[in-house]
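Here the structure is laid out as structure tokens; the discussion comes afterwards.
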Amino acid sequence: MVMGFLTLESLSKIYGDLAAVRDVDLSVAKGEFVSLLGPSGCGKTTTLQMIAGLVEPSKGRIMLDGRDITRLAPNKRGLGIVFQSYALFPHMTVAENVAFGLEMRNVPKSERAERVRTMLGLVHLGQLAERYPRQLSGGQRQRVAIARALVIQPPVLLLDEPLSNLDAKLREEMQFELRRIQQRVGTTTIMVTHDQAEALSISDRVVVMELGRMTQIDAPYRLYENPATPFISSFVGKMNRLDGIWRGAGASGHAEIAGVKLPSEAADLADGQAVALSIRPEKLLLRQVGQGRLDGTIVNRFFLGSYWLFTVETPVGVISVSVPNDGEEPASEGAKVALDWQPASLRVEPASARGDAA
Amino acid sequence: MNRARPALTPWLLVSPGTLLFLGLVVLPLILTFILSFHVYDHTTGIKNEFTFAHYAAVVSDDYYLGIFWRTLRLAGLTTLICALIGLPEAYVLSRMRDPWRSVFLLVIIGPLLVSVVVRAFGWSMLLGSTGLVNQLLQLLGFGPARLLYTETAIVIALVHVMLPFMVIPIWTSLQKLDPMVEAAAWTLGASRFMALRRVVMPQVTMGMLSGSLIVFGLSASAFAIPGLLGGRRLKMAATLVYDEYMHELNWPLGAAIAIIVLVANLIIMLAYNRMVEARARRTLG
């Protein structure tokens, strides 16, 4: 592994006989935006707090720019942190909040004021410098928290579920805002989130965590297309999952469920082997009956604005299909349809691969 | 349901409390107030004549003024010491986890379950000329010190009795703090002490305010502790009033003193409240 700017080496946190984080190895390059993604209780926040110095690791090392910071007190690390609750100082104005870190660094008063002004400009809060946190909206508070963390020019910015307290519309706006600020400042950033859409949309790389372990590190696109475990495939995006049997061998091989042939890419599998099949809803196409590979009946139809989501009852099971909203009236509930797909989109894996996740 | 009821309900609901308040607080106060203007004669007792003489006597006599000053001074000192001990104590308490927190909360509140008189006697045994404290001082070679029947004894015992009234309001306001706010201060480069001073302290001002008001009010009107630990000569306002009533039998003068103490107390507490609250409200909302 190339020596990164921030490296975690077999970092672990054990509470009694419960391992909250187990042997996390991660190398983050300078300027990179990495997300730790996972369900609650997967150890992602504990990992972040260990980097911040708020939780002491049971084992492992944290290296920052070649320096070991594992045992350093949080106020000596100089990292910028945005807390889930924002943790703004309620008795200080926005400007005082942002200036606090500079004050602790004994930055001269005039320079302090200048840097606070520049930073508030960057997060579009210049007008609100004299307000108190309680007079701000959720999105504004969040930007104060980001400004407060960035004004000290930290080598690494840590974000703990920064968007989870915002409503859906604002969350989407702030996602892009966050990415814009991060790219502008160029700070190495680690974000903890349980929201896969958030992680995929703004990160350079996503680290998936399950039960205290890292299970996959990949660019968002590759993570979505090639999930390493069945858990990731269902956690990241939607996935249709079926159990089947592999028939034939070599190029003529195909998957089969309840006597129905399902064409897929040839795989190195033995005849009669149990397989797990998965395909994303958007990789399926709706056709006229007789023109597809699998016939079915539409049970439900959901309109989601930019696309339609159908649930289709087929001989092999219930399958979700999403179709972009191209302005035409879509098939109605109860209609007979056929499903088609590119054989390469149907992933086939030996069923045993599924056992370890369940 | 008839229409008049909704308007009547709140009045009916507050009436028991109001009656209790009127009967047990307001009425005796009014009677005391009226009594303080009655003429008193040592041979014939209270007369049904009106006079300002008692107020004039109290305000112009150094003896009374000295006692008032001592009362305010000791109450103020007690409040200050309680704040100095209570703040760290409450902070430590708020950082504890169960079961220790419950245990120590009980230790703090526990003394309230014992009568003040019993605790005052306990202190008089400890502080007496042959008490444990003096024995210890002698062992260390400081010689016997006169502790009992001094202002020091009164303040020590008052602090002991009043501490829970300071700790609990501060602890309550600490409970409302987001622990991450303090962590945020650390990550921004503040030392633990700096984070306490700049971030935690300003946010518990309201708790300290209410604690201070309770402690000051109770200390200034304390009776059992100055009575038992101050002795016959070292008087505070409440013991003075008692003496006027029970020894001199000059009830009107006692009433006048009581009213003056009440008014002085009220003015100090309201002014203090206004000062601190205005500052806290501005920043905490």
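Chain identifiers are assigned as A, B, and so on, following the order in which chains appear in the structure tokens; residues are numbered from 1 within each chain, and ligands are numbered from 1 in order of appearance.
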
Based on the backbone DSSP call, show me all residues of segment 7-173 of chain B assigned helix (DSSP H, G or I), as a ChimeraX atom specification. /B:7-35,53-60,62-95,100-113,116-127,132-139,151-173

Expected file contents, prior selection, C-alpha atoms, as a tab-separated table (two decimals), in the first residue's frame:
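Okay, result.tsv is ready:
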chain	number	residue	atom	x	y	z
B	7	ALA	CA	-63.23	30.13	32.08
B	8	LEU	CA	-63.75	28.98	35.66
B	9	THR	CA	-61.62	25.85	35.53
B	10	PRO	CA	-58.20	27.51	35.79
B	11	TRP	CA	-59.35	29.54	38.79
B	12	LEU	CA	-60.68	26.43	40.51
B	13	LEU	CA	-57.44	24.63	39.81
B	14	VAL	CA	-55.24	27.31	41.34
B	15	SER	CA	-57.53	28.05	44.28
B	16	PRO	CA	-56.09	25.49	46.76
B	17	GLY	CA	-52.58	26.77	46.14
B	18	THR	CA	-53.71	30.38	46.30
B	19	LEU	CA	-55.56	29.84	49.59
B	20	LEU	CA	-52.55	28.13	51.10
B	21	PHE	CA	-50.27	30.93	49.92
B	22	LEU	CA	-52.60	33.68	51.14
B	23	GLY	CA	-53.20	32.03	54.51
B	24	LEU	CA	-49.66	30.93	55.29
B	25	VAL	CA	-47.50	33.59	53.63
B	26	VAL	CA	-49.34	36.76	52.75
B	27	LEU	CA	-51.59	37.05	55.82
B	28	PRO	CA	-48.81	36.56	58.45
B	29	LEU	CA	-46.64	39.00	56.51
B	30	ILE	CA	-49.36	41.64	56.55
B	31	LEU	CA	-49.95	41.07	60.27
B	32	THR	CA	-46.21	41.35	60.95
B	33	PHE	CA	-46.07	44.50	58.86
B	34	ILE	CA	-48.95	46.07	60.82
B	35	LEU	CA	-47.44	44.92	64.12
B	53	ALA	CA	-40.09	54.65	66.27
B	54	HIS	CA	-39.00	50.99	65.80
B	55	TYR	CA	-37.74	51.56	62.28
B	56	ALA	CA	-35.98	54.74	63.36
B	57	ALA	CA	-34.40	52.91	66.31
B	58	VAL	CA	-33.12	50.05	64.16
B	59	VAL	CA	-31.74	52.21	61.37
B	60	SER	CA	-29.95	54.60	63.73
B	62	ASP	CA	-24.98	50.60	65.25
B	63	TYR	CA	-25.77	47.42	67.15
B	64	TYR	CA	-28.56	46.49	64.75
B	65	LEU	CA	-26.74	47.73	61.68
B	66	GLY	CA	-23.72	45.63	62.66
B	67	ILE	CA	-25.89	42.53	62.84
B	68	PHE	CA	-27.49	43.27	59.46
B	69	TRP	CA	-24.08	43.77	57.91
B	70	ARG	CA	-22.81	40.50	59.43
B	71	THR	CA	-25.89	38.68	58.13
B	72	LEU	CA	-25.37	39.91	54.58
B	73	ARG	CA	-21.62	39.34	54.75
B	74	LEU	CA	-21.89	35.76	56.01
B	75	ALA	CA	-24.70	34.94	53.57
B	76	GLY	CA	-22.63	36.38	50.72
B	77	LEU	CA	-19.53	34.47	51.81
B	78	THR	CA	-21.51	31.24	52.14
B	79	THR	CA	-22.92	31.75	48.63
B	80	LEU	CA	-19.46	32.36	47.20
B	81	ILE	CA	-17.93	29.30	48.86
B	82	CYS	CA	-20.92	27.15	47.84
B	83	ALA	CA	-20.46	28.30	44.23
B	84	LEU	CA	-16.72	27.56	44.33
B	85	ILE	CA	-17.27	24.05	45.71
B	86	GLY	CA	-20.59	23.37	44.00
B	87	LEU	CA	-19.50	24.05	40.43
B	88	PRO	CA	-16.69	21.46	40.27
B	89	GLU	CA	-18.79	19.06	42.32
B	90	ALA	CA	-21.71	19.34	39.89
B	91	TYR	CA	-19.34	18.97	36.93
B	92	VAL	CA	-17.80	15.81	38.34
B	93	LEU	CA	-21.26	14.50	39.13
B	94	SER	CA	-22.48	15.15	35.59
B	95	ARG	CA	-19.52	13.18	34.20
B	100	TRP	CA	-21.80	5.97	40.87
B	101	ARG	CA	-23.89	8.94	39.89
B	102	SER	CA	-26.90	7.70	41.85
B	103	VAL	CA	-24.69	6.93	44.85
B	104	PHE	CA	-23.09	10.36	44.90
B	105	LEU	CA	-26.35	12.15	44.22
B	106	LEU	CA	-27.65	10.44	47.33
B	107	VAL	CA	-24.54	11.48	49.25
B	108	ILE	CA	-25.15	15.09	48.21
B	109	ILE	CA	-28.86	15.10	48.98
B	110	GLY	CA	-28.51	12.85	52.04
B	111	PRO	CA	-27.74	15.63	54.54
B	112	LEU	CA	-31.10	17.22	53.72
B	113	LEU	CA	-32.75	14.22	55.33
B	116	VAL	CA	-30.55	21.16	60.64
B	117	VAL	CA	-30.48	21.21	64.44
B	118	VAL	CA	-28.86	17.78	64.57
B	119	ARG	CA	-26.27	18.82	61.99
B	120	ALA	CA	-25.55	22.06	63.88
B	121	PHE	CA	-24.93	20.08	67.07
B	122	GLY	CA	-22.70	17.76	65.10
B	123	TRP	CA	-20.60	20.73	64.00
B	124	SER	CA	-20.48	22.14	67.52
B	125	MET	CA	-19.05	18.82	68.73
B	126	LEU	CA	-16.48	18.81	65.94
B	127	LEU	CA	-15.46	22.44	66.34
B	132	LEU	CA	-11.95	16.53	66.75
B	133	VAL	CA	-10.78	19.51	64.68
B	134	ASN	CA	-8.95	21.08	67.61
B	135	GLN	CA	-7.34	17.76	68.56
B	136	LEU	CA	-6.08	17.47	65.00
B	137	LEU	CA	-4.75	21.04	65.02
B	138	GLN	CA	-2.94	20.35	68.28
B	139	LEU	CA	-1.44	17.18	66.83
B	151	GLU	CA	-18.24	33.52	62.26
B	152	THR	CA	-16.01	30.80	60.82
B	153	ALA	CA	-18.09	28.13	62.52
B	154	ILE	CA	-21.29	29.66	61.18
B	155	VAL	CA	-19.96	29.81	57.62
B	156	ILE	CA	-18.61	26.24	57.73
B	157	ALA	CA	-21.93	24.86	58.90
B	158	LEU	CA	-23.96	27.04	56.51
B	159	VAL	CA	-21.88	25.87	53.54
B	160	HIS	CA	-22.44	22.27	54.57
B	161	VAL	CA	-26.19	22.76	54.81
B	162	MET	CA	-26.57	24.89	51.67
B	163	LEU	CA	-24.32	23.00	49.27
B	164	PRO	CA	-27.06	20.73	47.84
B	165	PHE	CA	-29.09	23.81	46.93
B	166	MET	CA	-26.17	24.98	44.82
B	167	VAL	CA	-25.11	21.63	43.34
B	168	ILE	CA	-28.52	20.50	42.14
B	169	PRO	CA	-29.45	23.54	39.98
B	170	ILE	CA	-25.95	23.60	38.43
B	171	TRP	CA	-26.09	19.86	37.82
B	172	THR	CA	-29.49	20.26	36.16
B	173	SER	CA	-28.17	22.88	33.76

I'd like the neighbourhood of segment 58-61 of chain A as a ChimeraX atom specification, where a residue qualifies if any of its atoms comes within 12 Å (using only C-alpha atoms), though same-chain residues fewer than 6 positions away should be ignored. /A:6-27,46-47,50-51,67-72

So that I can check the surroundings of Val151 of chain A, please list as a ChimeraX atom specification every protein, DNA and RNA residue that reaches within 10 Å of it, counting only C-alpha atoms and ignoring chain neighbours fewer than 4 positions away. /A:80,98-102,112,115-120,146-147 /B:188

Residue hits in chain B, query chain A, radius 9 Å, only C-alpha atoms, as a list in words: Asp178, Pro179, Met180, Val181, Glu182, Ala183, Ala184, Ala185, Trp186, Thr187, Leu188, Gly189, Ala190, Ser191, Arg192, Met194, Val199, Pro202, Gln203, Ala280, Arg282, Thr283, Leu284 and Gly285 of chain B

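You can rank A:Leu36, A:Asn240, A:Ile190, A:Met174 by their closest distance to Arg213 of chain A using only C-alpha atoms, and at the top of that list sits A:Leu36.
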
Mind checking which residues fall within 6 Å of segment 338-349 of chain A, counting only C-alpha atoms, ignoring those fewer than 2 positions away in the same chain, and posting them as a count of residues only? 19

Hey, what does DSSP flag as strand (DSSP E) within segment 1-233 of chain A? Can you give it to me as a ChimeraX atom specification? /A:6-15,18-28,33-37,59-64,67-68,80-82,156-160,188-193,205-210,213-218

I need the chosen residues saved as a PDB file, in the first residue's frame, with C-alpha atoms.
ATOM      1  CA  LEU A   6      -3.739   9.816   6.746  1.00  0.00           C
ATOM      2  CA  THR A   7      -3.325   6.123   7.489  1.00  0.00           C
ATOM      3  CA  LEU A   8      -5.149   3.866   9.886  1.00  0.00           C
ATOM      4  CA  GLU A   9      -3.251   0.682  10.699  1.00  0.00           C
ATOM      5  CA  SER A  10      -5.257  -2.234  12.146  1.00  0.00           C
ATOM      6  CA  LEU A  11      -7.193   0.260  14.236  1.00  0.00           C
ATOM      7  CA  SER A  12      -9.496  -1.436  16.771  1.00  0.00           C
ATOM      8  CA  LYS A  13     -11.746  -0.440  19.620  1.00  0.00           C
ATOM      9  CA  ILE A  14     -12.923  -3.100  22.026  1.00  0.00           C
ATOM     10  CA  TYR A  15     -15.522  -2.437  24.722  1.00  0.00           C
ATOM     11  CA  LEU A  18     -17.550  -6.354  22.115  1.00  0.00           C
ATOM     12  CA  ALA A  19     -15.389  -5.172  19.260  1.00  0.00           C
ATOM     13  CA  ALA A  20     -16.881  -1.899  18.010  1.00  0.00           C
ATOM     14  CA  VAL A  21     -14.128  -1.547  15.401  1.00  0.00           C
ATOM     15  CA  ARG A  22     -11.906  -4.415  14.259  1.00  0.00           C
ATOM     16  CA  ASP A  23      -8.639  -4.063  12.363  1.00  0.00           C
ATOM     17  CA  VAL A  24      -9.483  -1.136  10.159  1.00  0.00           C
ATOM     18  CA  ASP A  25      -6.745  -0.428   7.599  1.00  0.00           C
ATOM     19  CA  LEU A  26      -7.247   2.648   5.511  1.00  0.00           C
ATOM     20  CA  SER A  27      -5.000   4.974   3.601  1.00  0.00           C
ATOM     21  CA  VAL A  28      -6.365   8.349   2.548  1.00  0.00           C
ATOM     22  CA  PHE A  33     -12.913  12.831   0.060  1.00  0.00           C
ATOM     23  CA  VAL A  34     -13.583   9.451   1.660  1.00  0.00           C
ATOM     24  CA  SER A  35     -16.893   8.321   3.161  1.00  0.00           C
ATOM     25  CA  LEU A  36     -17.353   5.681   5.834  1.00  0.00           C
ATOM     26  CA  LEU A  37     -20.690   4.108   5.005  1.00  0.00           C
ATOM     27  CA  LYS A  59      -5.100  -1.345  19.227  1.00  0.00           C
ATOM     28  CA  GLY A  60      -3.533   0.000  16.055  1.00  0.00           C
ATOM     29  CA  ARG A  61      -1.987   3.251  14.878  1.00  0.00           C
ATOM     30  CA  ILE A  62      -3.120   6.493  13.306  1.00  0.00           C
ATOM     31  CA  MET A  63      -0.516   8.214  11.160  1.00  0.00           C
ATOM     32  CA  LEU A  64      -0.978  11.769   9.890  1.00  0.00           C
ATOM     33  CA  ARG A  67       3.545  11.430  12.277  1.00  0.00           C
ATOM     34  CA  ASP A  68       2.034   9.015  14.811  1.00  0.00           C
ATOM     35  CA  GLY A  80     -11.389  20.036  11.937  1.00  0.00           C
ATOM     36  CA  ILE A  81     -14.519  18.237  13.052  1.00  0.00           C
ATOM     37  CA  VAL A  82     -18.163  18.817  12.191  1.00  0.00           C
ATOM     38  CA  VAL A 156      -7.992  16.693   7.740  1.00  0.00           C
ATOM     39  CA  LEU A 157     -11.692  17.533   8.004  1.00  0.00           C
ATOM     40  CA  LEU A 158     -13.885  14.963   9.780  1.00  0.00           C
ATOM     41  CA  LEU A 159     -17.647  15.038   9.195  1.00  0.00           C
ATOM     42  CA  ASP A 160     -19.907  13.011  11.477  1.00  0.00           C
ATOM     43  CA  THR A 188      -8.597  15.900   2.973  1.00  0.00           C
ATOM     44  CA  THR A 189     -12.045  14.883   4.200  1.00  0.00           C
ATOM     45  CA  ILE A 190     -13.510  11.854   5.915  1.00  0.00           C
ATOM     46  CA  MET A 191     -17.284  11.718   6.226  1.00  0.00           C
ATOM     47  CA  VAL A 192     -19.297   9.241   8.234  1.00  0.00           C
ATOM     48  CA  THR A 193     -22.785   8.524   6.931  1.00  0.00           C
ATOM     49  CA  ARG A 205     -13.970   6.677  -2.433  1.00  0.00           C
ATOM     50  CA  VAL A 206     -16.451   4.904  -0.200  1.00  0.00           C
ATOM     51  CA  VAL A 207     -15.516   2.583   2.648  1.00  0.00           C
ATOM     52  CA  VAL A 208     -18.308   0.197   3.588  1.00  0.00           C
ATOM     53  CA  MET A 209     -18.325  -0.997   7.187  1.00  0.00           C
ATOM     54  CA  GLU A 210     -20.262  -3.922   8.636  1.00  0.00           C
ATOM     55  CA  ARG A 213     -15.074  -4.360   9.865  1.00  0.00           C
ATOM     56  CA  MET A 214     -14.339  -2.728   6.543  1.00  0.00           C
ATOM     57  CA  THR A 215     -15.822  -4.895   3.796  1.00  0.00           C
ATOM     58  CA  GLN A 216     -15.153  -2.851   0.673  1.00  0.00           C
ATOM     59  CA  ILE A 217     -13.239   0.249  -0.357  1.00  0.00           C
ATOM     60  CA  ASP A 218     -13.998   1.488  -3.847  1.00  0.00           C
TER      61      ASP A 218
END

So how many Å separate atom CA of Met96 of chain B and atom CA of Thr45 of chain A, to one decimal? 22.5 Å

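Atom CA of Ser306 of chain A lies 5.4 Å from atom CA of Asn325 of chain A.
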
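Taking atom CA of Arg247 of chain A as the reference point, atom CA of Gly272 of chain A is found at 5.7 Å.
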
Within 8 Å of Arg146 of chain B using only C-alpha atoms, minus same-chain residues under 4 positions, as a PyMOL selection string: chain B and resi 128-129+150

Those selected residues, please, written with N, CA and C atoms and delivered as a PDB file, in the first residue's frame.
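Below is the file again-v2.pdb, written as the result:
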ATOM      1  N   GLY B 128     -15.755  22.267  68.770  1.00  0.00           N
ATOM      2  CA  GLY B 128     -15.573  22.675  70.165  1.00  0.00           C
ATOM      3  C   GLY B 128     -14.109  22.658  70.586  1.00  0.00           C
ATOM      4  N   SER B 129     -13.847  23.232  71.780  1.00  0.00           N
ATOM      5  CA  SER B 129     -12.446  23.403  72.207  1.00  0.00           C
ATOM      6  C   SER B 129     -11.736  22.061  72.381  1.00  0.00           C
ATOM      7  N   THR B 150     -17.789  31.341  66.531  1.00  0.00           N
ATOM      8  CA  THR B 150     -17.172  32.367  65.694  1.00  0.00           C
ATOM      9  C   THR B 150     -17.908  32.396  64.364  1.00  0.00           C
TER      10      THR B 150
END
